[in-house]
$ cat coords16.cif   # mmCIF, C-alpha atoms
data_structure
#
loop_
_atom_site.label_atom_id
_atom_site.label_comp_id
_atom_site.auth_asym_id
_atom_site.auth_seq_id
_atom_site.Cartn_x
_atom_site.Cartn_y
_atom_site.Cartn_z
CA MET A 99 87.92 144.01 73.74
CA LYS A 100 84.87 141.93 74.54
CA VAL A 101 83.35 139.13 72.53
CA ASN A 102 80.46 141.37 71.43
CA ASP A 103 82.92 144.01 70.14
CA LEU A 104 84.55 141.29 68.10
CA ARG A 105 81.18 140.18 66.75
CA ASP A 106 80.48 143.73 65.57
CA MET A 107 83.92 144.24 64.13
CA LEU A 108 83.93 140.99 62.13
CA SER A 109 80.17 140.89 61.43
CA LEU A 110 80.00 137.45 63.00
CA GLN A 111 76.79 135.50 63.13
CA VAL A 112 76.12 134.37 66.69
CA LEU A 113 74.75 130.83 66.62
CA THR A 114 74.31 130.10 70.32
CA GLU A 115 71.26 131.49 72.08
CA GLY A 116 71.27 133.08 75.48
CA VAL A 117 75.05 132.94 75.91
CA SER A 118 76.77 136.04 77.23
CA LEU A 119 79.14 137.88 74.88
CA ASP A 120 80.53 139.94 77.69
CA ALA A 121 83.80 138.07 78.33
CA GLU A 122 87.06 139.88 77.71
CA VAL A 123 89.07 138.55 74.76
CA LEU A 124 92.71 138.24 75.79
CA GLY A 125 94.12 136.55 72.72
CA GLY A 126 93.40 134.09 70.00
CA TYR A 127 94.38 130.65 68.79
CA VAL A 128 93.93 129.11 65.35
CA SER A 129 93.94 125.33 64.99
CA ASP A 130 91.85 122.42 63.81
CA LEU A 131 93.84 119.85 65.77
CA LEU A 132 92.13 119.35 69.08
CA SER A 133 95.14 118.12 71.05
CA ASP A 134 97.05 121.16 69.83
CA VAL A 135 94.33 123.46 71.15
CA MET A 136 94.29 121.55 74.40
CA ALA A 137 98.04 121.91 74.76
CA ASN A 138 98.58 125.46 73.52
CA ALA A 139 95.47 127.65 73.67
CA LYS A 140 95.31 129.98 76.65
CA GLU A 141 92.54 130.99 78.97
CA GLY A 142 90.71 133.99 77.53
CA ASP A 143 91.56 133.13 73.92
CA ILE A 144 89.12 133.18 71.04
CA TRP A 145 89.43 129.92 69.15
CA ILE A 146 89.28 130.09 65.35
CA THR A 147 88.59 126.74 63.69
CA LEU A 148 86.70 124.86 61.01
CA GLN A 149 85.82 121.98 63.32
CA THR A 150 82.09 121.88 64.06
CA HIS A 151 81.44 118.74 66.11
CA LEU A 152 80.48 118.42 69.75
CA ASN A 153 83.98 117.95 71.18
CA ILE A 154 85.00 121.54 70.44
CA VAL A 155 82.72 122.66 73.26
CA ALA A 156 84.31 120.36 75.85
CA ILE A 157 87.76 121.61 74.89
CA ALA A 158 86.73 125.26 74.94
CA SER A 159 85.12 124.78 78.31
CA LEU A 160 88.09 122.95 79.80
CA LYS A 161 90.53 125.57 78.53
CA GLY A 162 88.50 128.63 79.49
CA ILE A 163 88.13 129.76 75.86
CA THR A 164 85.96 132.89 75.57
CA GLY A 165 84.36 131.95 72.28
CA ILE A 166 84.64 129.84 69.13
CA ILE A 167 84.64 131.34 65.65
CA ILE A 168 83.84 128.81 62.94
CA VAL A 169 85.22 129.87 59.59
CA ASN A 170 84.53 129.30 55.88
CA GLY A 171 80.76 129.46 56.42
CA ARG A 172 80.62 126.08 58.12
CA ARG A 173 77.78 125.38 60.50
CA PRO A 174 77.93 123.27 63.64
CA ASP A 175 75.18 120.75 64.26
CA GLU A 176 72.37 121.38 66.74
CA GLU A 177 73.95 119.08 69.32
CA THR A 178 77.09 121.23 69.38
CA LEU A 179 75.07 124.44 69.78
CA LYS A 180 72.95 122.97 72.54
CA LYS A 181 76.02 121.85 74.46
CA ALA A 182 77.66 125.25 73.93
CA SER A 183 74.62 127.03 75.33
CA GLU A 184 74.69 124.76 78.38
CA GLU A 185 78.38 125.43 78.93
CA GLY A 186 78.09 129.16 78.25
CA ILE A 187 80.52 129.13 75.31
CA PRO A 188 79.48 131.45 72.47
CA ILE A 189 79.82 129.97 68.98
CA MET A 190 79.94 132.38 66.07
CA SER A 191 80.34 131.82 62.37
CA THR A 192 81.73 133.72 59.43
CA LYS A 193 82.16 133.19 55.70
CA GLU A 194 85.73 134.45 55.95
CA SER A 195 88.75 132.18 56.21
CA ALA A 196 90.81 131.54 59.33
CA PHE A 197 93.57 133.70 57.84
CA GLU A 198 91.30 136.72 57.45
CA VAL A 199 89.69 136.36 60.87
CA ALA A 200 93.01 135.81 62.65
CA GLY A 201 94.57 138.77 60.85
CA LYS A 202 91.82 141.13 61.91
CA LEU A 203 91.75 139.83 65.47
CA TYR A 204 95.52 140.12 65.80
CA LYS A 205 95.42 143.70 64.58
CA ALA A 206 92.51 144.63 66.83
CA LEU A 207 94.11 143.16 69.94
CA ASN A 208 97.40 144.77 69.11
CA VAL A 209 99.26 141.90 70.76
CA MET Q 201 92.04 124.12 101.47
CA ASP Q 202 93.98 121.29 103.12
CA ILE Q 203 93.43 117.71 102.15
CA LYS Q 204 93.63 115.36 105.08
CA ASP Q 205 92.54 112.09 103.52
CA THR Q 206 92.84 110.62 100.11
CA ILE Q 207 90.13 111.79 97.76
CA GLU Q 208 89.40 109.24 95.10
CA GLY Q 209 86.91 108.31 92.47
CA SER Q 210 86.51 106.75 89.07
CA PHE Q 211 84.69 107.08 85.77
CA HIS Q 212 83.62 104.41 83.34
CA ILE Q 213 84.32 105.44 79.79
CA VAL Q 214 82.65 103.80 76.83
CA GLY Q 215 84.71 103.42 73.68
CA GLY Q 216 83.33 105.28 70.67
CA ASP Q 217 81.12 107.56 72.74
CA PHE Q 218 82.41 110.92 71.49
CA SER Q 219 79.32 112.67 72.79
CA ARG Q 220 80.55 112.28 76.36
CA ALA Q 221 84.17 113.17 75.68
CA GLY Q 222 85.52 115.50 78.32
CA GLU Q 223 83.01 114.61 81.02
CA ALA Q 224 85.49 112.85 83.27
CA SER Q 225 88.21 115.46 82.85
CA THR Q 226 85.78 118.33 83.38
CA GLU Q 227 84.63 116.77 86.63
CA ILE Q 228 88.18 116.11 87.83
CA LYS Q 229 89.03 119.70 86.95
CA SER Q 230 86.17 121.07 89.05
CA ILE Q 231 87.14 118.83 91.99
CA LEU Q 232 90.70 120.20 91.85
CA GLN Q 233 89.42 123.76 91.58
CA SER Q 234 87.15 123.27 94.56
CA LEU Q 235 90.13 122.01 96.56
CA GLY Q 236 91.87 125.28 95.80
CA PHE Q 237 94.79 124.02 93.72
CA ASN Q 238 96.62 126.59 91.69
CA LYS Q 239 95.74 127.11 88.06
CA GLU Q 240 98.87 125.51 86.65
CA ILE Q 241 98.29 122.22 88.51
CA VAL Q 242 94.65 122.20 87.45
CA ARG Q 243 95.61 122.96 83.85
CA ARG Q 244 98.15 120.15 83.67
CA ALA Q 245 95.83 117.61 85.29
CA ALA Q 246 92.95 118.61 83.01
CA ILE Q 247 95.01 118.22 79.82
CA ALA Q 248 96.51 114.89 80.90
CA THR Q 249 93.11 113.53 81.89
CA PHE Q 250 91.33 114.71 78.76
CA GLU Q 251 93.92 113.06 76.52
CA ALA Q 252 93.67 109.81 78.49
CA GLU Q 253 89.91 109.95 78.21
CA MET Q 254 90.10 110.54 74.45
CA ASN Q 255 92.42 107.60 73.88
CA ILE Q 256 89.93 105.30 75.59
CA ILE Q 257 87.09 106.71 73.46
CA ILE Q 258 89.01 106.61 70.18
CA PHE Q 259 90.83 103.29 70.41
CA THR Q 260 89.17 100.95 72.90
CA THR Q 261 85.96 99.17 73.81
CA ALA Q 262 85.84 100.57 77.31
CA GLY Q 263 88.00 101.76 80.13
CA ILE Q 264 88.16 103.15 83.62
CA LEU Q 265 89.69 106.44 84.62
CA ARG Q 266 90.59 106.62 88.30
CA TYR Q 267 91.94 109.50 90.31
CA GLU Q 268 93.52 109.72 93.75
CA ILE Q 269 94.33 113.03 95.37
CA THR Q 270 96.51 113.15 98.46
CA PRO Q 271 98.24 116.11 100.13
CA GLU Q 272 101.33 115.29 98.05
CA ARG Q 273 100.08 114.41 94.62
CA ILE Q 274 97.37 113.75 92.08
CA LYS Q 275 97.46 110.31 90.53
CA ILE Q 276 95.45 109.44 87.44
CA ILE Q 277 95.18 105.89 86.20
CA ALA Q 278 93.59 105.10 82.86
CA GLN Q 279 93.02 101.42 82.27
CA ASP Q 280 91.35 100.14 79.13
CA MET Q 281 90.20 97.01 77.40
CA GLY Q 282 91.66 97.97 74.09
CA PRO Q 283 93.73 96.51 71.33
CA GLY Q 284 96.96 97.36 73.17
CA ILE Q 285 99.93 99.21 71.71
CA GLU Q 286 102.43 97.24 69.66
CA ASP Q 287 105.31 99.67 69.79
CA ILE Q 288 105.14 102.02 72.78
CA LYS Q 289 108.28 103.90 71.79
CA LEU Q 290 106.75 104.72 68.43
CA ALA Q 291 103.41 105.63 70.00
CA MET Q 292 105.18 108.10 72.30
CA GLN Q 293 106.60 109.99 69.31
CA GLU Q 294 104.83 113.25 68.66
CA GLY Q 295 102.93 113.03 65.38
CA TYR Q 296 102.70 109.25 65.24
CA SER Q 297 99.13 107.98 65.27
CA THR Q 298 97.19 104.88 64.30
CA ALA Q 299 93.84 106.70 64.35
CA PRO Q 300 91.54 106.11 61.37
CA ASP Q 301 90.82 108.91 58.88
CA TRP Q 302 87.37 109.78 60.22
CA VAL Q 303 88.87 110.39 63.66
CA ARG Q 304 91.57 112.60 62.11
CA GLU Q 305 88.91 114.57 60.26
CA MET Q 306 87.42 115.42 63.64
CA GLY Q 307 90.77 116.92 64.59
CA TRP Q 308 91.78 114.06 66.88
CA GLY Q 309 94.44 111.50 66.08
CA SER Q 310 97.24 113.98 65.50
CA GLY Q 311 99.68 111.90 67.51
CA MET Q 312 99.88 114.36 70.37
CA GLY Q 313 97.83 112.51 72.98
CA LEU Q 314 100.45 110.40 74.74
CA PRO Q 315 103.17 113.09 74.45
CA ASN Q 316 100.74 115.64 75.93
CA MET Q 317 100.05 113.30 78.83
CA LYS Q 318 103.73 112.78 79.48
CA LYS Q 319 104.54 116.48 79.19
CA ASN Q 320 101.94 117.44 81.74
CA SER Q 321 102.82 114.82 84.36
CA ASP Q 322 105.78 114.54 86.69
CA GLU Q 323 105.71 110.76 86.47
CA PHE Q 324 104.37 108.83 83.51
CA LYS Q 325 104.11 105.08 83.17
CA ILE Q 326 102.56 103.08 80.38
CA ASP Q 327 102.03 99.33 80.19
CA SER Q 328 100.38 97.63 77.29
CA VAL Q 329 99.63 94.11 76.20
CA VAL Q 330 98.51 93.62 72.61
CA GLY Q 331 95.05 92.06 72.58
CA GLU Q 332 94.41 92.87 76.23
CA GLY Q 333 94.70 96.55 76.91
CA THR Q 334 96.72 99.50 78.09
CA THR Q 335 97.26 101.11 81.48
CA VAL Q 336 98.60 104.62 81.84
CA GLU Q 337 99.57 105.98 85.24
CA MET Q 338 100.30 109.67 85.69
CA VAL Q 339 101.40 111.54 88.81
CA ILE Q 340 101.42 115.27 89.30
CA TYR Q 341 103.11 116.50 92.48
CA LEU Q 342 101.53 119.32 94.39
CA ASP Q 343 104.61 120.50 96.32
CA ASN Q 344 103.95 123.96 97.73
CA THR Q 345 101.69 124.88 94.91
CA HIS Q 346 98.48 125.08 96.96
CA SER Q 347 97.02 128.53 96.53
#

$ encode --input "coords16.cif" --output "C-alpha cells"
Amino acid sequence: MKVNDLRDMLSLQVLTEGVSLDAEVLGGYVSDLLSDVMANAKEGDIWITLQTHLNIVAIASLKGITGIIIVNGRRPDEETLKKASEEGIPIMSTKESAFEVAGKLYKALNV
Amino acid sequence: MDIKDTIEGSFHIVGGDFSRAGEASTEIKSILQSLGFNKEIVRRAAIATFEAEMNIIIFTTAGILRYEITPERIKIIAQDMGPGIEDIKLAMQEGYSTAPDWVREMGWGSGMGLPNMKKNSDEFKIDSVVGEGTTVEMVIYLDNTHS
C-alpha cells in the first residue's frame, strides 16, 4: 500500500504541497512522545500523532518515516509544512482520532 | 568505503532554538551514510546524536556537539554550558525528567533522552557539574559492520 492509497482510504487531507505520495507504507506507529518515536518507529512507517510543531519533521526525516497523519482535526503551522515540503515528508490531517486511524491502517496492512 | 584517517567535525547548538533541532544529527547521519556504514550503525548514531542535541536545546544556554569517526568507532561528545545535573543516577532513569510543562506538551521531556543515548551506544560516559555544565561521551564500535 502506498501513501496515496492510504489517503484515499482514510479520506485524508494532504497539507504539504508538491510532496510525493508514492512511498510504500510498511507499517505504522502511534505516539505523541518524540523520544519514543525516535526509539521505536521503523523505517517505512506512517506516524500517527497529534503533535504539530516543527520538530516532527526532523524526526520523521531522520527515521525514514513515509508520512505523518495528524489526528483530531489539528493543523500544523506553516513553518512545519514548509519544512516538510523541503524534506519530502507528506503531512496529512484527519478529523478522526488516533484510535480510528490506527485501527483502519492496521486492518488495511494486515500486519 | 574504507576510512583511513579520522573524520571529525563539530556543531554549535544554541539553547532554546527548537527550529534547528535535528540539524546536527541529520548531517552526522548523512556523513555516516556516505561512508557506507550499515543501517543499524547509522540508526543508533542518529538516535544518540539527536537526543544529545535535544538535551542541549531544551536545558542549556549553548553547547557543542563533536564527532570523530575512525576505522574502529564513532565517538560523539556533547558538551554544554548548562545548569548541570544534580543527580545523574536519577536522570538516567527512564521516565524521570526535569523538563518544564511547555516542553512536555511538545512531546519532549518524557525522560527517555539519556536512556536512549545509553541504549544506542557501546560506551556511555556522563560528567556533570551543577552550575557549570554537562559532558556526554558516546562511542559506537564499527567492528565488521561496514557494508

$ interface_residues --input "coords16.cif" --of "chain A" --to "chain Q" --cutoff "8 Å" --atoms "only C-alpha atoms" --output "list of chain:residue names"
A:Asp130, A:Leu131, A:Leu132, A:Ser133, A:Asp134, A:Met136, A:Ala137, A:Gln149, A:His151, A:Leu152, A:Asn153, A:Ala156, A:Ile157, A:Leu160, A:Lys161

$ residues_around --input "coords16.cif" --residues "Arg173 of chain A" --least-positions-apart "4" --cutoff "8 Å" --atoms "only C-alpha atoms" --output "ChimeraX atom specification"
/A:150,168,191

$ closest_residue --input "coords16.cif" --among "A:Met107, A:Ile189, A:Val112, A:Val117" --to "Leu207 of chain A" --atoms "all atoms listed in the file"
A:Met107

$ resolve_selection --input "coords16.cif" --expression "the PyMOL selection byres ((chain A and resi 139) around 10)" --output "MDAnalysis selection string"
chainID A and resid 125:129 133:138 140:145 157:158 161:163

$ residues_around --input "coords16.cif" --residues "Lys275 of chain Q" --least-positions-apart "4" --cutoff "6 Å" --atoms "all atoms listed in the file" --output "ChimeraX atom specification"
/Q:267-268,338-339

$ resolve_selection --input "coords16.cif" --expression "the PyMOL selection byres ((chain A and resi 181) around 10)" --output "VMD selection string"
(chain A and resid 114 152 to 156 176 to 180 182 to 187) or (chain Q and resid 219)

$ axis_aligned_box --input "coords16.cif" --around "segment 141-158 of chain A" --padding-each-side "6 Å" --output "JSON"
{"center_x": 86.5, "center_y": 126.0, "center_z": 70.0, "size_x": 24.1, "size_y": 28.0, "size_z": 30.0}

$ atom_distance --input "coords16.cif" --atom1 "atom CA of Ile241 of chain Q" --atom2 "atom CA of Ile256 of chain Q"
22.9 Å

$ resolve_selection --input "coords16.cif" --expression "the PyMOL selection byres ((chain Q and resi 284-292) around 12)" --output "compact mmCIF listing (two decimals) with C-alpha atoms, in the coordinates of the input"
# COMPACT_ATOMS: atom_id res chain seq x y z
CA ASN Q 255 92.42 107.60 73.88
CA ILE Q 256 89.93 105.30 75.59
CA PHE Q 259 90.83 103.29 70.41
CA THR Q 260 89.17 100.95 72.90
CA THR Q 261 85.96 99.17 73.81
CA GLN Q 279 93.02 101.42 82.27
CA ASP Q 280 91.35 100.14 79.13
CA MET Q 281 90.20 97.01 77.40
CA GLY Q 282 91.66 97.97 74.09
CA PRO Q 283 93.73 96.51 71.33
CA GLN Q 293 106.60 109.99 69.31
CA GLU Q 294 104.83 113.25 68.66
CA GLY Q 295 102.93 113.03 65.38
CA TYR Q 296 102.70 109.25 65.24
CA SER Q 297 99.13 107.98 65.27
CA THR Q 298 97.19 104.88 64.30
CA ALA Q 299 93.84 106.70 64.35
CA GLY Q 309 94.44 111.50 66.08
CA SER Q 310 97.24 113.98 65.50
CA GLY Q 311 99.68 111.90 67.51
CA MET Q 312 99.88 114.36 70.37
CA GLY Q 313 97.83 112.51 72.98
CA LEU Q 314 100.45 110.40 74.74
CA PRO Q 315 103.17 113.09 74.45
CA ASN Q 316 100.74 115.64 75.93
CA MET Q 317 100.05 113.30 78.83
CA LYS Q 318 103.73 112.78 79.48
CA LYS Q 319 104.54 116.48 79.19
CA PHE Q 324 104.37 108.83 83.51
CA LYS Q 325 104.11 105.08 83.17
CA ILE Q 326 102.56 103.08 80.38
CA ASP Q 327 102.03 99.33 80.19
CA SER Q 328 100.38 97.63 77.29
CA VAL Q 329 99.63 94.11 76.20
CA VAL Q 330 98.51 93.62 72.61
CA GLY Q 331 95.05 92.06 72.58
CA GLU Q 332 94.41 92.87 76.23
CA GLY Q 333 94.70 96.55 76.91
CA THR Q 334 96.72 99.50 78.09
CA THR Q 335 97.26 101.11 81.48
CA VAL Q 336 98.60 104.62 81.84

$ atom_distance --input "coords16.cif" --atom1 "atom CA of Asp205 of chain Q" --atom2 "atom CA of Ala252 of chain Q"
25.2 Å

$ atom_distance --input "coords16.cif" --atom1 "atom CA of Glu122 of chain A" --atom2 "atom CA of Met99 of chain A"
5.8 Å

$ residues_around --input "coords16.cif" --residues "Leu119 of chain A" --least-positions-apart "2" --cutoff "6 Å" --atoms "only C-alpha atoms" --output "list in words"
Val101, Asn102 and Ala121 of chain A

$ residues_around --input "coords16.cif" --residues "Val199 of chain A" --least-positions-apart "4" --cutoff "12 Å" --atoms "all atoms listed in the file" --output "ChimeraX atom specification"
/A:104-105,107-110,126-128,144-148,166-170,190-195,203-206

$ build_atoms --input "coords16.cif" --residues "segment 234-246 of chain Q" --atoms "N, CA and C atoms" --output "mmCIF file, in the frame of the given file"
data_model
loop_
_atom_site.group_PDB
_atom_site.id
_atom_site.type_symbol
_atom_site.label_atom_id
_atom_site.label_comp_id
_atom_site.auth_asym_id
_atom_site.auth_seq_id
_atom_site.Cartn_x
_atom_site.Cartn_y
_atom_site.Cartn_z
ATOM 1 N N SER Q 234 87.839 123.089 93.274
ATOM 2 C CA SER Q 234 87.150 123.270 94.560
ATOM 3 C C SER Q 234 88.078 123.005 95.728
ATOM 4 N N LEU Q 235 89.142 122.247 95.494
ATOM 5 C CA LEU Q 235 90.130 122.010 96.560
ATOM 6 C C LEU Q 235 91.127 123.159 96.653
ATOM 7 N N GLY Q 236 91.040 124.074 95.728
ATOM 8 C CA GLY Q 236 91.870 125.280 95.800
ATOM 9 C C GLY Q 236 93.271 125.131 95.214
ATOM 10 N N PHE Q 237 93.471 124.155 94.350
ATOM 11 C CA PHE Q 237 94.790 124.020 93.720
ATOM 12 C C PHE Q 237 95.057 125.169 92.770
ATOM 13 N N ASN Q 238 96.318 125.474 92.589
ATOM 14 C CA ASN Q 238 96.620 126.590 91.690
ATOM 15 C C ASN Q 238 96.334 126.215 90.237
ATOM 16 N N LYS Q 239 96.190 127.272 89.440
ATOM 17 C CA LYS Q 239 95.740 127.110 88.060
ATOM 18 C C LYS Q 239 96.624 126.197 87.231
ATOM 19 N N GLU Q 240 97.929 126.287 87.440
ATOM 20 C CA GLU Q 240 98.870 125.510 86.650
ATOM 21 C C GLU Q 240 98.697 124.011 86.893
ATOM 22 N N ILE Q 241 98.532 123.632 88.165
ATOM 23 C CA ILE Q 241 98.290 122.220 88.510
ATOM 24 C C ILE Q 241 96.984 121.745 87.879
ATOM 25 N N VAL Q 242 95.957 122.568 87.998
ATOM 26 C CA VAL Q 242 94.650 122.200 87.450
ATOM 27 C C VAL Q 242 94.742 122.054 85.928
ATOM 28 N N ARG Q 243 95.452 122.985 85.307
ATOM 29 C CA ARG Q 243 95.610 122.960 83.850
ATOM 30 C C ARG Q 243 96.298 121.674 83.388
ATOM 31 N N ARG Q 244 97.402 121.351 84.059
ATOM 32 C CA ARG Q 244 98.150 120.150 83.670
ATOM 33 C C ARG Q 244 97.316 118.886 83.865
ATOM 34 N N ALA Q 245 96.652 118.800 85.004
ATOM 35 C CA ALA Q 245 95.830 117.610 85.290
ATOM 36 C C ALA Q 245 94.682 117.496 84.287
ATOM 37 N N ALA Q 246 94.091 118.632 83.940
ATOM 38 C CA ALA Q 246 92.950 118.610 83.010
ATOM 39 C C ALA Q 246 93.385 118.142 81.626
#
